[in-house]
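Below is one structure, written out as C-alpha cells; the observations come after it.
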Amino acid sequence: MSPRLMLSSCLALWISCCAVTLAEDSFLTRAQNLMKATPLIDGHNDLPWQLRSYFNNQLNNVDLNKLATTHTNIPKIREGQLGAQFWAAFVPCDTQYKDAVRQTLEQIDVIHRMCSEYPETFQFATSSKDIEEAFRLNKVASLIGVEGGHSIDSSLGTLRMMYYLGARYMTLTHSCNTPWADNWLVDTGEDPPENNGLSDFGKKLIVEMNRLGMLIDLAHVPVKVMNQVLDTSVAPVIFSHSSAYTICPHKRNVPDDVLNRVNKTGGIVMVNFYNDYVTCSKTANLSDVADHFDHIKKVGGAGIIGFGGDYDGVPRVPEGLEDVSKYPNLVAELLRRGWTDEEVKAALGNNLLRVMREVEKVRDTMSATSPDDSPIPYDDVKNPCRTSYGYTVSGAVRSLSTLALLLVTAFQAVMTLTD
C-alpha cells in the first residue's frame with residue numbers, strides 16, 4: 001500500500017471514529033438534558049444498610065462526600081443526576097420475632113439524619129409534591145421505603161407509626177415468610193408456603209396501606225401474592241426493584257401476565273440492576289439492563305417502567321453501571337434504541353409521580369374510614385419472644401375465664417340445692 005493510500009485510509013478511519021463519538025455524545029447530551037427537566041426517581045437504594053454495616057449508623061464517623069467503599073456517595077449522586085431516591089429501611093430476616101421493629105426504626109432514623117447532616121444535597125420527602133419541590137431546588141428528594149413486612153412485627157399500629165415517621169412504601173416480604181404473607185422463595189421451592197399467599201390479615205393490611213396512602217411494594221413476593229394484591233388493592237402498586245422474567249427467568253422478576261395486570265391497574269415496575277436478575281448469571285452489562293426496559297415497554301407500555309437500581313444492596317452490578325454516577329449512560333442507551341423523549345421522561349420519574357398521586361388520591365377518598373385496629377390472631381404469631389397482653393386467648397385471661405366459669409357453675413349448683 002502506498003503511503004498516500006495508507007494516509008487516506010487512516011484519515012477515513014479517524015473521521016468515522018469521530019462521527020461515531022459525536023453521535024454517542026449527542027445521545028448522552030440529550031439524556032442529560034432530559035434529566036435536567038424530569039427527576040430521575042430511583043425506587044431502591046441500600047446505602048442506609050451500608051451505613052449500619054460499616055459505621056453502626058454513626059454518621060459522625062463518615063463523610064458522604066468522600067465515602068469510597070459504596071456504590072453511592074454525594075459526588076456520584078450529582079454526576080448521576082439523581083433527582084429522588086427511595087432509601088431502603090432494611091433489616092435482615094433473622095431479626096424477625098426479635099428486634100426487627102427497633103432496628104427498622106434505627107434505619108428510619110439514619111435516613112432522617114442523612115437529610116439533616118447534608119441539607120444542601122438531600123431534602124426529606126413524603127409526597128409527590130415534595131419530590132417536585134426538591135427537584136426545583138436542585139436537591140435529592142429523599143423518601144423512605146421499609147423493605148420487608150417482618151419489620152412491622154405483624155402490627156397494623158406499627159405500620160401506621162412507620163408511615164407517620166415518613167415511610168412511603170413497604171415491601172410486603174423480603175426473603176422470608178411473615179405470619180401473613182409468603183415470600184418469593186416459595187416459588188423456588190426453597191421455602192414452604194405458610195399463608196396460601198396472603199392471609200386474611202395480610203389482605204386487611206393491604207386495605208390499611210390504601211387508607212394510609214402507602215405504596216405497596218411487591219418486589220419480593222411470589223406470583224400468587226402479586227395477583228392477590230392486584231385483586232385487593234384499589235390503588236396502583238409498585239415493584240421497587242424487579243426486572244422482567246421473560247428476559248431472565250429468576251423468581252425475583254416479574255412475569256408477562258403480571259406486567260399486563262400492572263399496566264391495567266396503573267402500577268410501575270422499577271428495573272433492578274443486579275446481574276443475577278439481569279442475565280441470570282454473574283456478569284452483565286448496560287445493554288442487558290436496557291433489554292429489560294425494552295421488554296417491559298413492549299409488554300406493558302412505557303407507562304409502567306421505572307428505575308430501581310438496588311445499588312449498595314447487591315454484590316454485582318453490570319459493566320457500564322458500576323455505581324449511581326452511571327444513570328445517564330443508561331438513559332442515553334434507551335435513546336439510542338429509539339425511545340422518544342416522552343417515553344424516557346415517563347421512565348425517569350413521571351410514571352412514579354403518577355402512581356404516587358393516584359395513591360394519595362385513594363388515601364384522600366378513604367379519609368373518613370377508621371384505622372383498622374383488629375390484631376392478627378395470636379396463634380399466628382405465638383412465639384417465645386412475644387407476650388399475649390390484650391388477647392383474650394392468652395394464658396392469664398384464659399385462666400381468669402375458666403375461674404369465672406367455675407364460679408358461675410358453682411353458684412348455679414348452690415342455687416339449685418337451695419330451691
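Residue numbering restarts at 1 for every chain of the C-alpha cells, chains are lettered A, B, ... in their displayed order, and ligands are numbered from 1 as they appear.
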Per-residue nearest contacts of range 209-295 of chain A to range 366-375 of chain A (9 Å; only C-alpha atoms) as JSON lines:
```
{"residue": "A:Asn210", "atom": "CA", "partner": "A:Met366", "partner_atom": "CA", "distance": 8.1}
{"residue": "A:Arg211", "atom": "CA", "partner": "A:Met366", "partner_atom": "CA", "distance": 5.6}
{"residue": "A:Leu212", "atom": "CA", "partner": "A:Met366", "partner_atom": "CA", "distance": 8.4}
```
Query - Polymer residues at most 12 Å from Asp294 in chain A, only C-alpha atoms, same-chain spacing of 4 or more positions, as a PyMOL selection string - result: chain A and resi 243-244+246-247+271+287-290+298-302+304-306+333-339+343-344+347
Query raised in the report: A:His292, A:Arg168, A:Lys98, A:Lys204: which is nearest Asp153 in chain A, counting only C-alpha atoms?
Result: A:Lys98
Report task. Go through A:Tyr163, A:Tyr378, A:Phe124, A:Tyr274 one by one, measure the shortest atom-to-atom distance of each to Gly313 in chain A using only C-alpha atoms, and give the residue with the smallest value. Result -> A:Tyr274
Per-residue nearest contacts of range 301-359 of chain A to range 83-86 of chain A (10 Å; only C-alpha atoms) as JSON lines:
```
{"residue": "A:Gly308", "atom": "CA", "partner": "A:Phe86", "partner_atom": "CA", "distance": 9.1}
{"residue": "A:Leu348", "atom": "CA", "partner": "A:Gly83", "partner_atom": "CA", "distance": 9.1}
{"residue": "A:Gly349", "atom": "CA", "partner": "A:Gly83", "partner_atom": "CA", "distance": 8.5}
```
Mind dumping the selected residues with C-alpha atoms as a PDB file, in the first residue's frame?
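Contents of selection_25.pdb, as written:
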```pdb
ATOM      1  CA  GLY A 308     -34.809   0.534  40.699  1.00  0.00           C
ATOM      2  CA  LEU A 348     -37.245   8.684  34.626  1.00  0.00           C
ATOM      3  CA  GLY A 349     -39.874   9.873  37.050  1.00  0.00           C
TER       4      GLY A 349
END
```
Requested in this report: List every residue of range 190-411 of chain A that DSSP, applied to the backbone of this structure, assigns to helix (DSSP H, G or I), and report them as a PyMOL selection string.
Outcome: chain A and resi 200-212+223-232+256-265+275-278+286-300+302-304+324-336+341-365+378-381+395-411
Report task. Point out the residue among A:Val229, A:Ala235, A:Ala219, A:Ala125 with the least atom-to-atom distance to Val254 in chain A, counting only C-alpha atoms. Result ->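 Closest residue, counting only C-alpha atoms: A:Ala219.
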